[in-house]
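One file, run-v5.csv, carrying CSV, C-alpha atoms:
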```
chain,number,residue,atom,x,y,z
B,1,MET,CA,101.7,46.4,-92.3
B,2,SER,CA,101.3,42.8,-91.2
B,3,VAL,CA,103.9,40.3,-89.9
B,4,PHE,CA,103.6,38.3,-93.1
B,5,GLY,CA,103.9,41.5,-95.2
B,6,ASP,CA,107.0,42.6,-93.4
B,7,TRP,CA,108.7,39.2,-93.8
B,8,MET,CA,107.9,39.2,-97.5
B,9,ALA,CA,109.1,42.8,-97.7
B,10,ALA,CA,112.4,41.8,-96.0
B,11,ILE,CA,112.9,38.9,-98.4
B,12,PHE,CA,112.2,41.0,-101.4
B,13,VAL,CA,114.5,43.8,-100.2
B,14,PHE,CA,117.2,41.3,-99.7
B,15,VAL,CA,116.8,40.0,-103.2
B,16,GLY,CA,116.9,43.5,-104.6
B,17,LEU,CA,120.0,44.4,-102.6
B,18,PHE,CA,121.6,41.2,-103.8
B,19,PHE,CA,121.1,42.2,-107.4
B,20,PHE,CA,122.3,45.8,-106.7
B,21,VAL,CA,125.5,44.4,-105.3
B,22,LEU,CA,125.9,42.1,-108.3
B,23,GLY,CA,125.4,45.0,-110.7
B,24,ALA,CA,127.9,47.3,-108.9
B,25,VAL,CA,130.6,44.6,-108.6
B,26,GLY,CA,130.0,43.7,-112.3
B,27,VAL,CA,130.5,47.3,-113.4
B,28,VAL,CA,133.8,47.4,-111.6
B,29,ARG,CA,135.1,43.9,-112.4
B,30,LEU,CA,134.0,43.0,-115.9
B,31,PRO,CA,136.5,43.4,-118.7
B,32,ASP,CA,134.9,45.6,-121.4
B,33,THR,CA,132.1,48.1,-122.0
B,34,TYR,CA,129.6,45.6,-123.3
B,35,HIS,CA,130.1,43.2,-120.4
B,36,ARG,CA,129.7,46.1,-118.0
B,37,LEU,CA,126.5,47.3,-119.7
B,38,HIS,CA,125.1,43.7,-119.4
B,39,ALA,CA,125.8,43.7,-115.6
B,40,ALA,CA,124.6,47.2,-114.9
B,41,THR,CA,121.3,47.1,-116.8
B,42,LYS,CA,120.0,43.7,-116.0
B,43,CYS,CA,121.1,43.6,-112.4
B,44,SER,CA,119.9,47.0,-111.5
B,45,THR,CA,116.5,46.7,-113.1
B,46,LEU,CA,115.9,43.5,-111.2
B,47,GLY,CA,117.3,45.0,-108.0
B,48,LEU,CA,115.0,48.0,-108.3
B,49,ILE,CA,112.0,45.7,-108.9
B,50,GLY,CA,112.9,43.8,-105.7
B,51,LEU,CA,113.0,46.9,-103.6
B,52,LEU,CA,109.7,48.2,-105.1
B,53,VAL,CA,107.9,44.9,-104.4
B,54,GLY,CA,109.2,45.3,-100.8
B,55,VAL,CA,107.5,48.6,-100.6
B,56,VAL,CA,104.3,47.1,-101.9
B,57,PHE,CA,104.4,44.3,-99.3
B,58,HIS,CA,105.3,46.7,-96.4
B,59,ILE,CA,102.7,49.5,-97.0
B,60,GLY,CA,100.2,47.9,-99.3
B,61,THR,CA,97.6,50.5,-100.0
B,62,GLY,CA,96.1,51.3,-103.4
B,63,ALA,CA,98.1,54.5,-104.0
B,64,VAL,CA,101.4,52.6,-103.3
B,65,ASP,CA,100.5,49.9,-105.7
B,66,ALA,CA,99.7,52.4,-108.5
B,67,LYS,CA,102.9,54.4,-108.0
B,68,VAL,CA,105.0,51.3,-107.8
B,69,ALA,CA,103.4,49.9,-110.9
B,70,THR,CA,104.3,53.1,-112.7
B,71,VAL,CA,107.9,53.0,-111.7
B,72,VAL,CA,108.2,49.3,-112.5
B,73,VAL,CA,106.8,49.7,-116.0
B,74,PHE,CA,109.1,52.7,-116.6
B,75,ALA,CA,112.1,50.8,-115.3
B,76,PHE,CA,111.4,47.8,-117.5
B,77,VAL,CA,111.1,50.0,-120.6
B,78,ALA,CA,113.8,52.5,-119.9
B,79,GLY,CA,116.6,50.1,-118.8
B,80,PRO,CA,116.8,48.0,-121.9
B,81,VAL,CA,116.2,51.0,-124.2
B,82,GLY,CA,118.9,53.1,-122.7
B,83,SER,CA,121.3,50.1,-122.6
B,84,HIS,CA,120.7,49.2,-126.2
B,85,MET,CA,121.3,52.8,-127.4
B,86,LEU,CA,124.5,53.0,-125.3
B,87,ALA,CA,125.8,49.7,-126.7
B,88,LYS,CA,125.0,50.8,-130.3
B,89,ALA,CA,126.8,54.0,-129.7
B,90,ALA,CA,129.8,52.3,-128.1
B,91,LEU,CA,130.0,49.8,-131.0
B,92,ARG,CA,130.0,52.7,-133.5
B,93,ALA,CA,132.6,54.6,-131.5
B,94,GLY,CA,134.8,51.6,-131.8
B,95,ASP,CA,135.2,50.7,-128.1
B,96,VAL,CA,137.6,47.8,-127.8
B,97,GLN,CA,136.1,44.4,-127.1
B,98,TRP,CA,137.5,41.9,-124.6
B,99,GLY,CA,140.2,39.6,-126.1
B,100,GLY,CA,138.2,36.5,-125.2
B,101,THR,CA,135.1,37.5,-127.1
B,102,LEU,CA,134.1,34.5,-129.1
B,103,SER,CA,131.5,35.8,-131.6
B,104,ASP,CA,131.1,39.2,-133.1
B,105,GLU,CA,128.1,39.0,-135.4
B,106,HIS,CA,128.1,42.7,-136.0
B,107,ALA,CA,131.6,42.5,-137.6
B,108,GLU,CA,130.7,39.2,-139.4
B,109,ASP,CA,127.9,41.1,-141.1
B,110,GLY,CA,130.3,43.8,-142.2
B,111,LEU,CA,128.8,46.4,-140.1
B,112,SER,CA,131.8,47.4,-138.1
J,1,MET,CA,128.9,74.8,-77.9
J,2,THR,CA,129.0,71.0,-77.7
J,3,CYS,CA,127.8,68.7,-80.4
J,4,SER,CA,124.9,67.3,-78.3
J,5,ALA,CA,123.6,70.8,-77.7
J,6,LEU,CA,123.5,71.4,-81.4
J,7,LEU,CA,121.6,68.1,-81.9
J,8,ASP,CA,119.1,69.2,-79.2
J,9,MET,CA,118.5,72.4,-81.0
J,10,MET,CA,118.0,70.9,-84.4
J,11,PRO,CA,114.4,69.7,-84.1
J,12,VAL,CA,113.4,73.0,-82.6
J,13,VAL,CA,114.8,74.8,-85.6
J,14,VAL,CA,113.1,72.5,-88.1
J,15,ALA,CA,109.8,72.7,-86.3
J,16,ALA,CA,110.0,76.5,-85.7
J,17,GLY,CA,106.9,77.1,-87.8
J,18,ASP,CA,104.9,74.8,-85.5
J,19,THR,CA,105.3,76.7,-82.2
J,20,ALA,CA,101.7,78.1,-82.4
J,21,SER,CA,100.5,74.7,-81.1
J,22,GLY,CA,102.3,75.6,-77.9
J,23,GLY,CA,105.2,74.4,-75.8
J,24,SER,CA,107.0,72.2,-78.3
J,25,HIS,CA,110.6,71.6,-77.9
J,26,GLY,CA,113.0,68.6,-77.8
J,27,ALA,CA,111.4,65.2,-78.3
J,28,GLU,CA,107.9,66.5,-78.9
J,29,ALA,CA,109.0,68.8,-81.7
J,30,ALA,CA,110.9,66.0,-83.3
J,31,ARG,CA,107.7,64.1,-83.8
J,32,THR,CA,106.7,66.6,-86.5
J,33,LEU,CA,109.4,65.2,-88.7
J,34,PRO,CA,108.7,62.1,-90.7
J,35,GLY,CA,110.2,59.4,-88.5
J,36,GLN,CA,110.3,55.6,-88.6
J,37,GLY,CA,107.0,53.8,-89.2
J,38,GLU,CA,106.2,50.5,-87.5
J,39,MET,CA,108.0,47.6,-88.9
J,40,LEU,CA,109.5,44.2,-87.8
J,41,PRO,CA,113.1,44.2,-86.6
J,42,VAL,CA,114.1,42.0,-89.5
J,43,LEU,CA,112.8,44.6,-92.1
J,44,LEU,CA,114.5,47.4,-90.1
J,45,PHE,CA,117.7,45.5,-90.3
J,46,MET,CA,117.3,44.9,-94.0
J,47,VAL,CA,116.7,48.6,-94.6
J,48,THR,CA,119.6,49.7,-92.5
J,49,ALA,CA,121.9,47.3,-94.1
J,50,GLY,CA,120.6,48.2,-97.5
J,51,VAL,CA,121.6,51.9,-97.0
J,52,TYR,CA,125.2,50.8,-96.4
J,53,VAL,CA,125.1,48.3,-99.3
J,54,LEU,CA,123.8,51.0,-101.7
J,55,CYS,CA,126.4,53.5,-100.5
J,56,VAL,CA,129.2,51.0,-101.2
J,57,GLY,CA,127.7,50.4,-104.6
J,58,MET,CA,127.6,54.1,-105.3
J,59,ALA,CA,131.3,54.2,-104.4
J,60,LEU,CA,132.0,51.4,-106.9
J,61,CYS,CA,130.0,53.3,-109.6
J,62,LEU,CA,131.9,56.4,-108.8
J,63,TRP,CA,135.2,54.6,-109.2
J,64,ARG,CA,134.1,53.4,-112.7
J,65,LEU,CA,132.8,56.9,-113.4
J,66,ILE,CA,136.3,58.4,-112.7
J,67,ARG,CA,138.4,55.6,-114.2
J,68,GLY,CA,136.3,54.2,-117.1
J,69,PRO,CA,138.4,54.1,-120.2
J,70,GLU,CA,135.7,55.0,-122.7
J,71,LEU,CA,133.0,57.6,-122.5
J,72,ALA,CA,130.4,54.9,-122.6
J,73,ASP,CA,131.8,53.4,-119.4
J,74,ARG,CA,131.3,56.7,-117.6
J,75,VAL,CA,127.7,57.1,-119.0
J,76,LEU,CA,126.7,53.7,-117.8
J,77,ALA,CA,128.3,54.3,-114.4
J,78,ALA,CA,126.3,57.5,-114.1
J,79,ASP,CA,123.1,55.6,-115.1
J,80,LEU,CA,123.8,53.0,-112.4
J,81,LEU,CA,124.5,55.8,-109.9
J,82,ALA,CA,121.0,57.3,-110.6
J,83,LEU,CA,119.5,53.8,-110.1
J,84,HIS,CA,121.3,53.6,-106.7
J,85,VAL,CA,119.8,56.9,-105.7
J,86,VAL,CA,116.3,55.5,-106.7
J,87,GLY,CA,117.1,52.5,-104.5
J,88,LEU,CA,117.9,54.8,-101.6
J,89,VAL,CA,114.7,56.7,-102.0
J,90,VAL,CA,112.7,53.4,-102.0
J,91,LEU,CA,114.5,52.3,-98.8
J,92,LEU,CA,113.6,55.7,-97.3
J,93,THR,CA,110.0,55.1,-98.3
J,94,ILE,CA,110.0,51.7,-96.5
J,95,TYR,CA,111.6,53.3,-93.4
J,96,VAL,CA,109.2,56.2,-93.1
J,97,GLY,CA,106.2,54.0,-94.0
J,98,ASP,CA,104.7,56.8,-96.0
J,99,LEU,CA,104.7,57.9,-99.6
J,100,VAL,CA,106.0,61.4,-99.0
J,101,PHE,CA,109.3,60.8,-100.8
J,102,PHE,CA,108.3,58.3,-103.3
J,103,ASP,CA,107.8,60.7,-106.2
J,104,ALA,CA,111.5,61.5,-106.1
J,105,ALA,CA,112.1,57.9,-107.2
J,106,LEU,CA,110.2,58.3,-110.4
J,107,VAL,CA,111.8,61.7,-111.0
J,108,VAL,CA,115.3,60.5,-110.5
J,109,SER,CA,114.8,57.5,-112.7
J,110,ILE,CA,113.4,59.6,-115.5
J,111,ILE,CA,116.3,62.0,-115.3
J,112,GLY,CA,118.7,59.1,-115.4
J,113,PHE,CA,117.1,57.6,-118.5
J,114,VAL,CA,117.0,60.9,-120.3
J,115,SER,CA,120.6,61.6,-119.6
J,116,THR,CA,121.6,58.2,-120.7
J,117,VAL,CA,119.7,58.6,-124.0
J,118,GLY,CA,121.3,62.1,-124.5
J,119,PHE,CA,124.8,60.9,-123.9
J,120,SER,CA,124.4,57.9,-126.2
J,121,GLN,CA,123.1,60.1,-129.0
J,122,TYR,CA,126.2,62.3,-128.4
J,123,ILE,CA,128.6,59.3,-128.6
J,124,TYR,CA,126.8,58.0,-131.7
J,125,ALA,CA,126.9,61.3,-133.4
J,126,THR,CA,130.5,62.1,-132.8
J,127,ALA,CA,131.8,58.7,-133.7
J,128,LYS,CA,133.8,58.5,-136.9
J,129,ARG,CA,132.0,56.7,-139.6
J,130,LYS,CA,133.6,53.7,-141.3
J,131,PRO,CA,134.5,53.9,-145.0
J,132,GLY,CA,131.3,53.3,-147.0
J,133,GLU,CA,129.0,53.6,-144.0
J,134,ALA,CA,125.8,55.5,-144.8
J,135,ARG,CA,125.3,58.9,-143.1
J,136,THR,CA,122.4,59.0,-140.6
J,137,ASP,CA,120.4,61.9,-139.4
J,138,LEU,CA,122.2,61.8,-136.1
J,139,ASP,CA,125.6,62.5,-137.6
J,140,LEU,CA,127.1,65.9,-136.8
J,141,GLU,CA,129.8,66.1,-139.5
J,142,PRO,CA,128.2,66.9,-142.9
J,143,GLN,CA,131.1,65.7,-145.1
J,144,GLY,CA,131.3,62.5,-147.1
J,145,ASP,CA,133.3,59.4,-146.3
J,146,PRO,CA,136.2,60.0,-144.0
J,147,ALA,CA,138.3,57.7,-146.2
```
For this file, write the structure as structure tokens.
Amino acid sequence: MSVFGDWMAAIFVFVGLFFFVLGAVGVVRLPDTYHRLHAATKCSTLGLIGLLVGVVFHIGTGAVDAKVATVVVFAFVAGPVGSHMLAKAALRAGDVQWGGTLSDEHAEDGLS
Amino acid sequence: MTCSALLDMMPVVVAAGDTASGGSHGAEAARTLPGQGEMLPVLLFMVTAGVYVLCVGMALCLWRLIRGPELADRVLAADLLALHVVGLVVLLTIYVGDLVFFDAALVVSIIGFVSTVGFSQYIYATAKRKPGEARTDLDLEPQGDPA
């Protein structure tokens, strides 16, 4: 709990909150399911990492580091896996794509 | 009873099990609750602003959860909602300066991941297969091609 640590924590919390805002706005504003998945997963994973690094800088004991490392590893694994499964399911369920989509390699391969 | 009298009573009620230590009411009893740890004002401002930011984000997710045209939209909104709750728990950890609540972050993120996986399996299994598409183990309907 030093001055340097608190400043670094404030910076990382700001970065995390920025990504959280980006994710939430993207989920509301983007045009189709696949775009929204892109915004939600990437932004929220990065935002969570930012907040957790802020905790490490603010408290900074060994127990905190271990627990934060656990959550970070879990978030990095769980976010992409869940997003991939959801995108695959949405594609199979035939969710409509945005009209401006340029390339659909899944359809070009005859898979959908 | 006025509102301020209720607020004065509240710490006494919460710390009711602690009265054996003698003569605790009001401000002294409130200290038994986890309060704010020491931090710079800039970090305190960030954490306070972050609570508002995450609440607005949760409102946006809720809007997508209610509106979302497809089921997949609702599932991803719920996943993002769980992540916002994790963010709130992390901010609370910074505010208190102690790890008492931090396990909740791990638990909520695990629950969010498992529910996302479960709902994606459900969407995948109930989707109609295209003509000629092979049946997978996940499919619920046992018949042949829908065409």
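Between Ile11 (chain B) and the residues J:Asp98, J:Leu43, J:Leu54, J:Ala78, the shortest atom-to-atom distance, using all atoms listed in the file, involves J:Leu43.
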Test item: residues at most 9 Å from region 57-64 of chain B, only C-alpha atoms, excluding those fewer than 3 positions along its chain, as a PDB file with C-alpha atoms, in the frame of the given file:
```pdb
ATOM      1  CA  MET B   1     101.700  46.400 -92.300  1.00  0.00           C
ATOM      2  CA  SER B   2     101.300  42.800 -91.200  1.00  0.00           C
ATOM      3  CA  PHE B   4     103.600  38.300 -93.100  1.00  0.00           C
ATOM      4  CA  GLY B   5     103.900  41.500 -95.200  1.00  0.00           C
ATOM      5  CA  ASP B   6     107.000  42.600 -93.400  1.00  0.00           C
ATOM      6  CA  TRP B   7     108.700  39.200 -93.800  1.00  0.00           C
ATOM      7  CA  MET B   8     107.900  39.200 -97.500  1.00  0.00           C
ATOM      8  CA  ALA B   9     109.100  42.800 -97.700  1.00  0.00           C
ATOM      9  CA  ALA B  10     112.400  41.800 -96.000  1.00  0.00           C
ATOM     10  CA  PHE B  12     112.200  41.000-101.400  1.00  0.00           C
ATOM     11  CA  LEU B  52     109.700  48.200-105.100  1.00  0.00           C
ATOM     12  CA  VAL B  53     107.900  44.900-104.400  1.00  0.00           C
ATOM     13  CA  GLY B  54     109.200  45.300-100.800  1.00  0.00           C
ATOM     14  CA  LYS B  67     102.900  54.400-108.000  1.00  0.00           C
ATOM     15  CA  VAL B  68     105.000  51.300-107.800  1.00  0.00           C
ATOM     16  CA  ALA B  69     103.400  49.900-110.900  1.00  0.00           C
TER      17      ALA B  69
ATOM     18  CA  MET J  39     108.000  47.600 -88.900  1.00  0.00           C
ATOM     19  CA  LEU J  43     112.800  44.600 -92.100  1.00  0.00           C
ATOM     20  CA  ILE J  94     110.000  51.700 -96.500  1.00  0.00           C
ATOM     21  CA  GLY J  97     106.200  54.000 -94.000  1.00  0.00           C
ATOM     22  CA  ASP J  98     104.700  56.800 -96.000  1.00  0.00           C
ATOM     23  CA  LEU J  99     104.700  57.900 -99.600  1.00  0.00           C
ATOM     24  CA  PHE J 102     108.300  58.300-103.300  1.00  0.00           C
TER      25      PHE J 102
END
```
Quick check: residues of chain J within 6 Å of chain B, all atoms listed in the file, returned as a PDB file with C-alpha atoms, in the coordinates of the input.
```pdb
ATOM      1  CA  LEU J  43     112.800  44.600 -92.100  1.00  0.00           C
ATOM      2  CA  GLY J  57     127.700  50.400-104.600  1.00  0.00           C
ATOM      3  CA  ASP J  73     131.800  53.400-119.400  1.00  0.00           C
ATOM      4  CA  ILE J  94     110.000  51.700 -96.500  1.00  0.00           C
ATOM      5  CA  LEU J 106     110.200  58.300-110.400  1.00  0.00           C
ATOM      6  CA  VAL J 117     119.700  58.600-124.000  1.00  0.00           C
ATOM      7  CA  SER J 120     124.400  57.900-126.200  1.00  0.00           C
ATOM      8  CA  ILE J 123     128.600  59.300-128.600  1.00  0.00           C
ATOM      9  CA  TYR J 124     126.800  58.000-131.700  1.00  0.00           C
ATOM     10  CA  ALA J 127     131.800  58.700-133.700  1.00  0.00           C
TER      11      ALA J 127
END
```
Exercise for review: Quick one: pull the distance between CA of Ala72 (chain J) and CA of Phe119 (chain J), Å, one decimal.
Suggested key: 8.3 Å
Revision key, fill the gap. In Å and to one decimal, CA of Asp139 (chain J) is distant from CA of Ala125 (chain J) by 4.6 Å
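Selection around (112.6, 57.8, -111.8) with radius 9 Å, counting only C-alpha atoms, yields the residues Val71, Phe74 and Ala75 of chain B; Ala82, Leu83, Val86, Asp103, Ala104, Ala105, Leu106, Val107, Val108, Ser109, Ile110, Ile111, Gly112 and Phe113 of chain J.
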Review point. Can you tell me how far CA of Val53 (chain J) sits from CA of Leu71 (chain J), in Å to one decimal?
Key: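 Computing it gives 26.2 Å between the two atoms.
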